[in-house]
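J.: Handing over target_9.txt, compact mmCIF, C-alpha atoms.
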# COMPACT_ATOMS: atom_id res chain seq x y z
CA MET T 1 0.00 0.00 0.00
CA SER T 2 1.19 3.51 -0.80
CA LEU T 3 -0.69 6.42 0.72
CA THR T 4 -1.28 9.47 -1.47
CA PHE T 5 -0.41 12.97 -0.31
CA HIS T 6 -1.55 16.27 -1.81
CA TRP T 7 -0.49 19.79 -0.85
CA PHE T 8 -2.37 23.10 -1.09
CA LEU T 9 -1.95 26.23 -3.23
CA PRO T 10 -2.90 29.28 -1.10
CA THR T 11 -4.66 31.33 -3.77
CA ASN T 12 -5.98 33.54 -0.95
CA GLY T 13 -2.44 34.57 -0.03
CA ASP T 14 0.18 33.12 2.30
CA SER T 15 1.93 34.17 5.49
CA ARG T 16 3.86 33.06 8.55
CA HIS T 17 0.52 33.56 10.27
CA VAL T 18 -2.77 31.74 9.61
CA VAL T 19 -4.59 33.29 6.67
CA GLY T 20 -8.30 33.13 7.45
CA GLY T 21 -11.23 33.20 5.07
CA GLY T 22 -13.56 30.78 3.38
CA HIS T 23 -17.19 29.78 3.84
CA GLY T 24 -18.43 33.28 3.28
CA THR T 25 -15.72 35.05 5.27
CA PRO T 26 -12.99 37.15 3.61
CA ALA T 27 -9.29 36.37 3.68
CA THR T 28 -7.60 38.04 6.65
CA ALA T 29 -5.10 40.87 6.18
CA CYS T 30 -2.03 38.65 6.62
CA GLY T 31 -2.91 37.06 3.27
CA ARG T 32 -1.20 40.08 1.74
CA ASP T 33 2.15 39.09 3.28
CA ARG T 34 2.82 36.78 0.33
CA PRO T 35 0.37 37.58 -2.48
CA PRO T 36 -0.80 34.59 -4.55
CA THR T 37 1.19 35.43 -7.65
CA VAL T 38 1.81 32.80 -10.29
CA ALA T 39 5.52 33.01 -9.46
CA TYR T 40 5.01 32.29 -5.75
CA LEU T 41 2.38 29.59 -6.27
CA SER T 42 4.66 27.95 -8.83
CA GLN T 43 7.44 27.93 -6.25
CA ILE T 44 5.17 26.04 -3.84
CA ALA T 45 4.01 23.69 -6.61
CA ARG T 46 7.55 22.83 -7.67
CA ALA T 47 8.54 22.16 -4.06
CA ALA T 48 5.52 19.88 -3.59
CA GLU T 49 6.35 18.06 -6.81
CA ASP T 50 9.96 17.46 -5.81
CA LEU T 51 9.04 16.31 -2.30
CA GLY T 52 6.62 13.65 -3.58
CA PHE T 53 3.15 15.15 -3.27
CA VAL T 54 0.86 13.85 -6.02
CA GLY T 55 -1.35 16.90 -6.38
CA ALA T 56 -2.23 20.31 -4.99
CA LEU T 57 -5.68 21.53 -3.98
CA THR T 58 -6.85 25.01 -4.91
CA PRO T 59 -9.88 26.52 -3.12
CA THR T 60 -12.90 28.21 -4.65
CA GLY T 61 -14.97 31.22 -3.64
CA ALA T 62 -14.95 34.99 -3.44
CA TRP T 63 -12.09 34.93 -0.91
CA CYS T 64 -9.45 33.60 -3.35
CA GLU T 65 -8.25 33.67 -6.94
CA ASP T 66 -10.10 31.60 -9.55
CA ALA T 67 -8.86 28.02 -9.39
CA TRP T 68 -9.23 27.12 -13.08
CA LEU T 69 -7.23 30.07 -14.37
CA THR T 70 -4.58 29.94 -11.65
CA THR T 71 -3.83 26.23 -11.97
CA ALA T 72 -3.76 26.43 -15.77
CA MET T 73 -0.95 28.97 -15.46
CA VAL T 74 0.91 27.21 -12.65
CA SER T 75 0.74 23.88 -14.49
CA GLN T 76 3.07 25.30 -17.14
CA ASN T 77 5.78 25.65 -14.50
CA THR T 78 5.58 22.05 -13.26
CA GLU T 79 5.99 18.64 -14.85
CA ARG T 80 4.25 15.95 -12.80
CA LEU T 81 2.14 17.61 -10.12
CA LYS T 82 -1.62 17.23 -10.52
CA PHE T 83 -4.08 20.00 -9.68
CA LEU T 84 -7.14 19.33 -7.55
CA VAL T 85 -9.26 22.18 -8.87
CA ALA T 86 -12.20 23.17 -6.66
CA PHE T 87 -15.21 24.51 -8.51
CA ARG T 88 -18.93 25.04 -7.98
CA PRO T 89 -21.33 23.34 -10.39
CA GLY T 90 -23.89 26.14 -10.24
CA PHE T 91 -21.55 28.68 -11.78
CA VAL T 92 -20.88 27.00 -15.15
CA SER T 93 -22.86 24.77 -17.50
CA PRO T 94 -22.10 21.04 -17.28
CA THR T 95 -21.23 20.79 -20.98
CA LEU T 96 -18.78 23.67 -20.73
CA ALA T 97 -17.27 22.24 -17.55
CA ALA T 98 -16.80 18.86 -19.23
CA GLN T 99 -15.13 20.61 -22.17
CA MET T 100 -12.90 22.70 -19.87
CA ALA T 101 -11.79 19.55 -18.05
CA ALA T 102 -11.01 17.78 -21.33
CA THR T 103 -8.96 20.75 -22.52
CA PHE T 104 -7.09 20.94 -19.21
CA GLN T 105 -6.23 17.25 -19.46
CA ARG T 106 -4.83 17.58 -22.96
CA GLN T 107 -2.87 20.76 -22.29
CA SER T 108 -1.45 19.59 -18.94
CA GLY T 109 -0.69 16.00 -19.84
CA GLY T 110 -3.52 14.50 -17.83
CA ARG T 111 -2.90 16.35 -14.55
CA LEU T 112 -6.41 17.48 -13.60
CA LEU T 113 -8.39 16.31 -10.58
CA LEU T 114 -11.75 17.92 -9.75
CA ASN T 115 -13.01 18.89 -6.30
CA VAL T 116 -16.74 19.51 -6.63
CA VAL T 117 -17.96 22.08 -4.07
CA THR T 118 -21.72 22.42 -3.95
CA GLY T 119 -21.58 25.53 -1.75
CA GLY T 120 -22.91 25.80 1.79
CA GLU T 121 -23.37 29.56 2.00
CA SER T 122 -26.53 30.90 0.34
CA HIS T 123 -25.47 34.54 0.80
CA GLU T 124 -22.23 33.89 -1.09
CA GLN T 125 -23.98 31.85 -3.79
CA ARG T 126 -26.44 34.71 -4.37
CA ALA T 127 -23.53 37.05 -5.06
CA TYR T 128 -22.78 34.82 -8.06
CA GLY T 129 -26.40 34.76 -9.20
CA ASP T 130 -27.31 31.41 -7.65
CA PHE T 131 -30.55 31.60 -5.65
CA LEU T 132 -31.25 27.92 -4.97
CA ASP T 133 -31.42 26.69 -1.40
CA LYS T 134 -28.90 24.18 -0.07
CA ASP T 135 -30.81 20.96 -0.79
CA ALA T 136 -31.67 22.16 -4.28
CA ARG T 137 -27.99 22.92 -4.89
CA TYR T 138 -27.11 19.34 -4.05
CA ARG T 139 -29.81 17.98 -6.35
CA ARG T 140 -28.41 20.20 -9.10
CA THR T 141 -24.92 18.87 -8.36
CA GLY T 142 -26.21 15.34 -8.92
CA GLU T 143 -27.67 16.30 -12.29
CA PHE T 144 -24.47 18.14 -13.17
CA LEU T 145 -22.24 15.15 -12.42
CA ARG T 146 -24.52 12.79 -14.29
CA ILE T 147 -24.26 14.95 -17.42
CA VAL T 148 -20.51 15.49 -17.12
CA ARG T 149 -19.74 11.81 -16.57
CA GLU T 150 -21.82 10.74 -19.56
CA LEU T 151 -20.12 13.36 -21.74
CA TRP T 152 -16.71 12.09 -20.62
CA GLU T 153 -17.81 8.61 -21.71
CA GLY T 154 -18.36 9.95 -25.21
CA LYS T 155 -22.15 9.79 -25.02
CA THR T 156 -24.61 12.23 -26.52
CA VAL T 157 -26.63 13.55 -23.60
CA ASP T 158 -30.22 14.70 -23.45
CA LEU T 159 -31.51 15.55 -20.00
CA ALA T 160 -34.43 17.61 -18.79
CA GLY T 161 -33.82 17.65 -15.05
CA GLU T 162 -35.22 19.61 -12.16
CA HIS T 163 -32.47 22.23 -12.49
CA LEU T 164 -30.41 21.46 -15.60
CA ARG T 165 -31.43 20.85 -19.19
CA VAL T 166 -29.22 19.91 -22.14
CA GLU T 167 -30.08 18.69 -25.60
CA ASP T 168 -27.80 16.83 -28.01
CA ALA T 169 -24.76 17.58 -25.82
CA LYS T 170 -21.56 15.90 -26.92
CA LEU T 171 -17.81 16.49 -26.65
CA ALA T 172 -15.68 16.56 -29.79
CA ARG T 173 -12.81 15.07 -27.75
CA VAL T 174 -13.21 13.25 -24.45
CA PRO T 175 -10.58 13.65 -21.71
CA ASP T 176 -7.88 11.01 -21.44
CA PRO T 177 -7.57 10.09 -18.68
CA VAL T 178 -10.98 10.98 -17.28
CA PRO T 179 -10.41 13.29 -14.25
CA GLU T 180 -11.19 11.78 -10.89
CA VAL T 181 -13.93 13.57 -8.95
CA TYR T 182 -13.39 14.50 -5.29
CA PHE T 183 -16.30 15.60 -3.14
CA GLY T 184 -17.14 16.34 0.49
CA GLY T 185 -20.35 16.88 2.40
CA SER T 186 -21.82 15.81 5.71
CA SER T 187 -25.54 16.30 5.16
CA PRO T 188 -27.83 13.40 4.16
CA ILE T 189 -28.36 14.69 0.62
CA ALA T 190 -24.59 15.15 0.19
CA GLY T 191 -24.17 11.47 1.01
CA GLU T 192 -26.66 10.52 -1.68
CA VAL T 193 -24.76 12.48 -4.34
CA ALA T 194 -21.41 11.10 -3.21
CA ALA T 195 -22.63 7.53 -3.34
CA LYS T 196 -23.70 7.84 -6.98
CA TYR T 197 -21.04 9.91 -8.65
CA ILE T 198 -17.72 10.53 -6.89
CA ASP T 199 -14.37 8.74 -6.91
CA VAL T 200 -12.90 10.10 -3.67
CA TYR T 201 -14.91 11.23 -0.65
CA LEU T 202 -13.13 13.95 1.34
CA THR T 203 -13.73 14.69 5.00
CA TRP T 204 -12.31 17.49 7.07
CA GLY T 205 -9.99 16.54 9.92
CA GLU T 206 -12.33 15.36 12.60
CA PRO T 207 -11.18 12.98 15.38
CA PRO T 208 -10.74 9.37 14.20
CA ALA T 209 -13.97 8.09 15.78
CA GLN T 210 -16.03 10.64 13.83
CA VAL T 211 -14.10 9.94 10.64
CA MET T 212 -14.71 6.22 11.08
CA ASN T 213 -18.46 6.80 11.33
CA LYS T 214 -18.44 9.00 8.23
CA ILE T 215 -16.55 6.41 6.20
CA ALA T 216 -19.01 3.71 7.24
CA TRP T 217 -21.92 5.97 6.25
CA ILE T 218 -20.61 6.68 2.76
CA ARG T 219 -19.52 3.07 2.21
CA GLY T 220 -22.99 1.88 3.04
CA LEU T 221 -24.67 4.34 0.67
CA ALA T 222 -22.20 3.62 -2.12
CA ALA T 223 -22.60 -0.15 -1.77
CA LYS T 224 -26.31 0.24 -2.57
CA GLU T 225 -25.23 1.91 -5.84
CA GLY T 226 -22.71 -0.82 -6.58
CA ARG T 227 -19.79 1.55 -6.09
CA THR T 228 -16.65 1.62 -3.90
CA PRO T 229 -15.21 5.15 -3.54
CA ARG T 230 -11.86 5.90 -1.94
CA PHE T 231 -11.53 8.18 1.08
CA GLY T 232 -9.39 11.21 1.80
CA ILE T 233 -8.96 13.72 4.60
CA ARG T 234 -8.20 17.46 4.58
CA LEU T 235 -5.85 18.65 7.33
CA HIS T 236 -3.28 21.29 8.15
CA VAL T 237 0.04 20.14 9.55
CA ILE T 238 2.70 21.48 11.93
CA THR T 239 5.53 18.97 12.15
CA ARG T 240 8.99 19.53 13.63
CA ASP T 241 12.00 17.53 14.83
CA THR T 242 10.55 17.46 18.34
CA SER T 243 7.06 17.64 19.78
CA GLU T 244 8.05 20.69 21.85
CA GLN T 245 9.09 22.60 18.73
CA ALA T 246 5.84 21.75 16.95
CA TRP T 247 3.62 22.85 19.82
CA ALA T 248 5.67 26.02 20.24
CA GLU T 249 4.85 26.84 16.62
CA ALA T 250 1.15 26.14 17.24
CA ASP T 251 1.29 28.46 20.26
CA ARG T 252 2.96 31.15 18.14
CA LEU T 253 0.19 30.94 15.54
CA LEU T 254 -2.48 31.04 18.25
CA ALA T 255 -0.89 34.13 19.79
CA GLY T 256 -1.39 35.89 16.48
CA PHE T 257 -5.18 35.52 16.63
CA ASP T 258 -6.44 38.82 17.99
CA THR T 259 -9.73 38.71 19.85
CA GLU T 260 -11.66 40.85 17.37
CA THR T 261 -10.61 38.74 14.39
CA VAL T 262 -11.70 35.54 16.14
CA ARG T 263 -15.01 37.12 17.10
CA SER T 264 -15.66 38.40 13.58
CA VAL T 265 -14.71 35.15 11.84
CA GLN T 266 -16.75 33.01 14.24
CA ALA T 267 -19.77 35.28 13.79
CA GLY T 268 -19.48 34.87 10.04
CA LEU T 269 -19.04 31.10 10.19
CA THR T 270 -22.09 30.60 12.40
CA ARG T 271 -24.15 31.79 9.41
CA SER T 272 -22.96 28.80 7.42
CA GLU T 273 -25.51 26.25 6.22
CA SER T 274 -22.76 23.67 5.84
CA GLU T 275 -23.10 20.64 8.12
CA GLY T 276 -19.35 20.07 7.82
CA GLN T 277 -18.64 23.64 8.95
CA ARG T 278 -21.00 23.19 11.88
CA ARG T 279 -19.03 20.10 12.89
CA MET T 280 -15.77 22.04 12.62
CA LEU T 281 -17.11 24.81 14.87
CA ALA T 282 -18.24 22.27 17.44
CA LEU T 283 -14.67 21.02 17.85
CA HIS T 284 -13.50 24.26 19.53
CA GLY T 285 -16.72 26.13 20.38
CA GLY T 286 -15.01 29.46 19.67
CA SER T 287 -12.74 29.02 22.70
CA ARG T 288 -8.94 29.03 22.86
CA ASP T 289 -9.04 26.40 25.62
CA ALA T 290 -8.69 22.63 25.16
CA LEU T 291 -7.81 22.85 21.47
CA GLU T 292 -6.04 19.46 21.35
CA ILE T 293 -9.18 17.43 20.66
CA HIS T 294 -7.35 14.13 20.05
CA PRO T 295 -3.67 13.33 20.49
CA ASN T 296 -1.77 15.61 18.08
CA LEU T 297 -5.01 16.94 16.54
CA TRP T 298 -5.33 20.69 17.13
CA ALA T 299 -8.51 22.68 16.39
CA GLY T 300 -6.91 26.12 16.64
CA ILE T 301 -6.87 26.87 12.90
CA GLY T 302 -10.68 26.85 12.86
CA LEU T 303 -10.81 29.90 15.12
CA VAL T 304 -9.91 32.17 12.22
CA ARG T 305 -10.44 30.05 9.08
CA GLY T 306 -13.51 28.54 7.50
CA GLY T 307 -13.49 25.02 6.11
CA ALA T 308 -10.62 22.81 7.21
CA GLY T 309 -9.91 23.91 10.77
CA THR T 310 -7.71 21.23 12.34
CA ALA T 311 -4.01 20.48 12.18
CA LEU T 312 -1.79 17.53 12.99
CA VAL T 313 0.78 18.90 15.45
CA GLY T 314 3.80 17.03 16.76
CA SER T 315 7.16 15.52 16.05
CA HIS T 316 7.67 13.83 12.70
CA ASP T 317 7.21 10.44 14.37
CA GLU T 318 4.00 11.55 16.12
CA VAL T 319 2.51 12.97 12.93
CA ALA T 320 3.40 9.78 11.08
CA GLU T 321 1.61 7.77 13.77
CA ARG T 322 -1.54 9.88 13.44
CA ILE T 323 -1.48 9.40 9.67
CA LYS T 324 -1.22 5.65 10.23
CA GLU T 325 -4.20 5.87 12.62
CA TYR T 326 -6.34 7.51 9.93
CA ALA T 327 -5.05 5.11 7.28
CA ALA T 328 -6.16 2.17 9.43
CA LEU T 329 -9.72 3.53 9.21
CA GLY T 330 -9.62 3.52 5.40
CA ILE T 331 -8.19 6.96 4.58
CA GLU T 332 -5.93 6.60 1.52
CA GLU T 333 -5.39 10.23 0.51
CA PHE T 334 -4.25 13.16 2.65
CA VAL T 335 -4.75 16.76 1.47
CA LEU T 336 -2.44 18.85 3.63
CA SER T 337 -1.38 22.46 4.11
CA GLY T 338 0.58 24.62 6.55
CA TYR T 339 1.69 28.19 7.17
CA PRO T 340 3.64 29.29 5.30
CA HIS T 341 2.97 26.73 2.61
CA LEU T 342 6.42 26.72 1.07
CA GLU T 343 8.35 26.06 4.28
CA GLU T 344 5.79 23.70 5.79
CA ALA T 345 5.85 21.54 2.66
CA TYR T 346 9.54 20.92 3.33
CA TRP T 347 9.02 20.20 7.03
CA PHE T 348 6.48 17.50 6.15
CA GLY T 349 8.14 16.24 2.99
CA GLU T 350 11.57 15.88 4.57
CA GLY T 351 10.39 14.90 8.04
CA VAL T 352 7.31 12.68 7.79
CA LEU T 353 7.32 11.14 4.31
CA PRO T 354 10.67 9.36 4.78
CA ARG T 355 9.38 7.76 7.96
CA LEU T 356 6.28 6.49 6.16
CA ALA T 357 8.46 5.28 3.28
CA ALA T 358 10.66 3.31 5.68
CA GLN T 359 7.54 1.49 6.90
CA GLY T 360 6.31 0.70 3.39
CA LEU T 361 3.40 3.12 3.58
CA TRP T 362 4.54 5.62 0.96
CA ARG T 363 6.51 5.72 -2.28
CA HIS T 364 7.70 8.79 -4.13
CA PRO T 365 5.45 9.04 -7.24
CA ALA T 366 8.49 9.76 -9.41
CA GLY T 367 10.29 6.67 -8.18
CA ASN T 368 12.65 8.92 -6.18
CA GLN T 369 12.03 7.27 -2.83
CA GLU T 370 15.76 6.79 -2.11
CA VAL T 371 16.36 10.54 -2.25
CA ALA T 372 13.38 11.34 -0.02
CA SER T 373 14.33 8.67 2.52
CA ALA T 374 17.91 9.92 2.71
CA GLN T 375 16.90 13.42 3.69
CA VAL T 376 15.91 12.53 7.26
CA PRO T 377 17.03 9.33 9.00
CA PHE T 378 14.21 7.10 10.14
CA ALA T 379 13.73 6.85 13.88
CA SER T 380 11.53 4.05 15.12
Take the structure from the file and write it as structure tokens.

T.:
Amino acid sequence: MSLTFHWFLPTNGDSRHVVGGGHGTPATACGRDRPPTVAYLSQIARAAEDLGFVGALTPTGAWCEDAWLTTAMVSQNTERLKFLVAFRPGFVSPTLAAQMAATFQRQSGGRLLLNVVTGGESHEQRAYGDFLDKDARYRRTGEFLRIVRELWEGKTVDLAGEHLRVEDAKLARVPDPVPEVYFGGSSPIAGEVAAKYIDVYLTWGEPPAQVMNKIAWIRGLAAKEGRTPRFGIRLHVITRDTSEQAWAEADRLLAGFDTETVRSVQAGLTRSESEGQRRMLALHGGSRDALEIHPNLWAGIGLVRGGAGTALVGSHDEVAERIKEYAALGIEEFVLSGYPHLEEAYWFGEGVLPRLAAQGLWRHPAGNQEVASAQVPFAS
């Protein structure tokens, strides 16, 4: 078994502090410390590629740069790295999206992955001209993915759905390979869509017991559809040579959260209709106290950032053990990030990945495992 690791492109800006934003809240001011230029994002992407990450996630929403355009430009400065492009089905027609994906595959050499984000914030969706409620958005996502998948199969599609209608839709050239579809959602209707259409189900970094229950839920729904999706988890990471160094860095980040910013961000996030965001908020309750909610799992990021709000914090050995704990539940893919993203990619890539490689749990996708393993000696 070889676990798969992805990194993150901070198209909302980067910093030595936590850059907040997401789920209807704006990026915080420190996002201007390192603007998300193509040059800087390409630097992160090349580092991730060299270290052995398979892909890089880009977010979507009003708080960040457009993921399609940004990754198309950054892809020209990399060779192997794939791009997990987040996009919202309600903002583009399914036929055009299928065509865009096919073009991206051809021009990048097959390096597109798609992260479908239905959108949990009605006030943000309305800013883009989308006035459906949350459940209707998920039903539309199902119709969207049905159309896109049939187009990718080379079919001519006619569909008069509840929300989407196409006639005689067909692609002149289908993508090769077909992009894998990633998707997350914790509400009942999200589970129904995931079971029918997605390749990889993503969960945010909840404690293992909650993740185990979520995996069992999606597996059960997918089995009824005759499908077996893979599972991934979205986490931040703070890993250092010693546990003390890692927790000192977490404390430094926490000290940078001023009271007014926390209050403002939490007030914005409580408006969210997302069940996953509600679960993230419940992990810390808006308090700075008791933020280690499971060994080496820290909920501090969620005080100032929407979406993924937990981080693995510890020594390289401790972080590797937590990854093994999630892998034992059925998690095969890890979508990680850290502040700042360039430096933290090296801490993880040179500290944790060699330890996993030494235990047969990871291989460098370029067959460069010997180089990665030599960078930090394995300590049992």

J.: Neighbouring residues of T:Ile293 were defined as those with any atom within 10 Å, considering only C-alpha atoms; residues of the same chain fewer than 5 positions away were excluded. Please report them as a PyMOL selection string.

T.: chain T and resi 206-207+283-284+298-300+310

J.: Limited to C-alpha atoms, could you put the picked residues into a file as an mmCIF file, in the frame of the given file?

T.:
data_model
loop_
_atom_site.group_PDB
_atom_site.id
_atom_site.type_symbol
_atom_site.label_atom_id
_atom_site.label_comp_id
_atom_site.auth_asym_id
_atom_site.auth_seq_id
_atom_site.Cartn_x
_atom_site.Cartn_y
_atom_site.Cartn_z
ATOM 1 C CA GLU T 206 -12.330 15.360 12.600
ATOM 2 C CA PRO T 207 -11.180 12.980 15.380
ATOM 3 C CA LEU T 283 -14.670 21.020 17.850
ATOM 4 C CA HIS T 284 -13.500 24.260 19.530
ATOM 5 C CA TRP T 298 -5.330 20.690 17.130
ATOM 6 C CA ALA T 299 -8.510 22.680 16.390
ATOM 7 C CA GLY T 300 -6.910 26.120 16.640
ATOM 8 C CA THR T 310 -7.710 21.230 12.340
#

J.: Kindly assemble as JSON lines a list of the stretch 285-372 of chain T residues that lie within 8 Å of stretch 51-56 of chain T, each paired with its nearest atom pair and their distance in Å to one decimal, using all atoms listed in the file, sorted first by chain and then by ascending residue number.

T.:
{"residue": "T:Val335", "atom": "CA", "partner": "T:Ala56", "partner_atom": "CA", "distance": 7.8}
{"residue": "T:Ala345", "atom": "CA", "partner": "T:Leu51", "partner_atom": "CA", "distance": 7.9}
{"residue": "T:Tyr346", "atom": "CA", "partner": "T:Leu51", "partner_atom": "CA", "distance": 7.3}
{"residue": "T:Gly349", "atom": "CA", "partner": "T:Leu51", "partner_atom": "CA", "distance": 5.4}
{"residue": "T:Glu350", "atom": "CA", "partner": "T:Leu51", "partner_atom": "CA", "distance": 7.3}
{"residue": "T:His364", "atom": "CA", "partner": "T:Gly52", "partner_atom": "CA", "distance": 5.0}
{"residue": "T:Pro365", "atom": "CA", "partner": "T:Gly52", "partner_atom": "CA", "distance": 6.0}
{"residue": "T:Ala366", "atom": "CA", "partner": "T:Gly52", "partner_atom": "CA", "distance": 7.3}
{"residue": "T:Ala372", "atom": "CA", "partner": "T:Leu51", "partner_atom": "CA", "distance": 7.0}

J.: Give me, as number ranges by chain, all polymer residues having an atom no more than 10 Å from T:Gly161, counting all atoms listed in the file and skipping those fewer than 6 positions away in the same chain.

T.: T: 139-140, 143-144

J.: Please provide as a PyMOL selection string all residues within 9 Å of T:Arg363, with the sequence filter that same-chain residues fewer than 2 positions apart are discarded (counting all atoms listed in the file).

T.: chain T and resi 1-4+52+353-354+356-357+360-361+365-369

J.: Show which residues sit within 8 Å of stretch 57-65 of chain T, as a list in words. Count all atoms listed in the file, and ignore same-chain residues fewer than 4 positions away.

T.: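 So the residues in contact are His6, Trp7, Phe8, Leu9, Pro10, Thr11, Asn12, Gly13, Gly21, Gly22, His23, Gly24, Thr25, Pro26, Ala27, Pro36, Thr70, Thr71, Phe83, Leu84, Val85, Ala86, Phe87, Arg88, Val117, Glu124 and Val335 of chain T.
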
J.: For atom CA of T:Pro208 and atom CA of T:Leu297, quote the distance in Å rounded to one decimal.

T.: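 Rounded to one decimal, the two atoms are 9.8 Å apart.
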
J.: For T:Ala136, find every residue with an atom within 12 Å (counting only C-alpha atoms), except residues of its own chain fewer than 2 positions away, and show them as a VMD selection string.

T.: chain T and resid 90 118 to 120 122 130 to 134 138 to 143 161 to 164 189 to 190 193

J.: Sorted by chain and rising residue number, list the residues of stretch 275-301 of chain T at most 8 Å from stretch 258-270 of chain T (counting only C-alpha atoms), each with its closest atom pair and distance in Å to one decimal, as a Markdown table.

T.:
| residue | atom | partner | partner_atom | distance |
| --- | --- | --- | --- | --- |
| T:Gln277 | CA | T:Leu269 | CA | 7.6 |
| T:Arg278 | CA | T:Thr270 | CA | 7.5 |
| T:Gly286 | CA | T:Gln266 | CA | 6.7 |

J.: For each of T:Val181, T:Val19, T:Ala98, T:Val74, take the minimum atom-to-atom distance to T:Leu113, counting all atoms listed in the file, then give the residue where this is smallest.

T.: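 Once distances to T:Leu113 are computed over all atoms listed in the file, the minimum belongs to T:Val181.
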
J.: Using all atoms listed in the file for the distances, tell me which of T:Tyr339, T:Trp347, T:Phe104, T:Trp362 is nearest to T:Ser15.

T.: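 Selected residue with least distance to T:Ser15: T:Tyr339.
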
J.: Which residue, T:Ala48, T:Ile331, T:Val148, T:Val178, has the smallest gap to T:Val166 when you use only C-alpha atoms?

T.: T:Val148

J.: Edge lengths and centre, in Å to one decimal, as AutoDock Vina command-line options: that's what I need for the box along x, y and z that holds all listed atoms of stretch 328-346 of chain T plus 3 Å on each side.

T.:
--center_x -0.1 --center_y 15.7 --center_z 5.0 --size_x 25.3 --size_y 33.1 --size_z 14.9

J.: Between atom CA of T:Phe334 and atom CA of T:Arg32, measure the distance and give it in Å to one decimal.

T.: 27.1 Å

J.: So, counting all atoms listed in the file, which residue among T:Lys196, T:Ala102, T:Gln245, T:Leu281 is closest to T:Asp176?

T.: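 Under the stated criterion, the closest residue is T:Ala102.
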
J.: Do you have, as CSV, the list of residues of stretch 69-130 of chain T lying at most 10 Å from stretch 197-205 of chain T, each with its nearest atom pair and that distance in Å to one decimal, counting all atoms listed in the file and ordered by chain then number?

T.:
residue,atom,partner,partner_atom,distance
T:Leu114,CA,T:Ile198,CA,9.9
T:Asn115,CA,T:Leu202,CA,9.1
T:Val116,CA,T:Ile198,CA,9.0

J.: Ranking T:Val211, T:His123, T:Ala45, T:Phe183 by minimum distance to T:Leu145 and counting all atoms listed in the file, which one comes first?

T.: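 Nearest candidate to T:Leu145 out of T:Val211, T:His123, T:Ala45, T:Phe183: T:Phe183.
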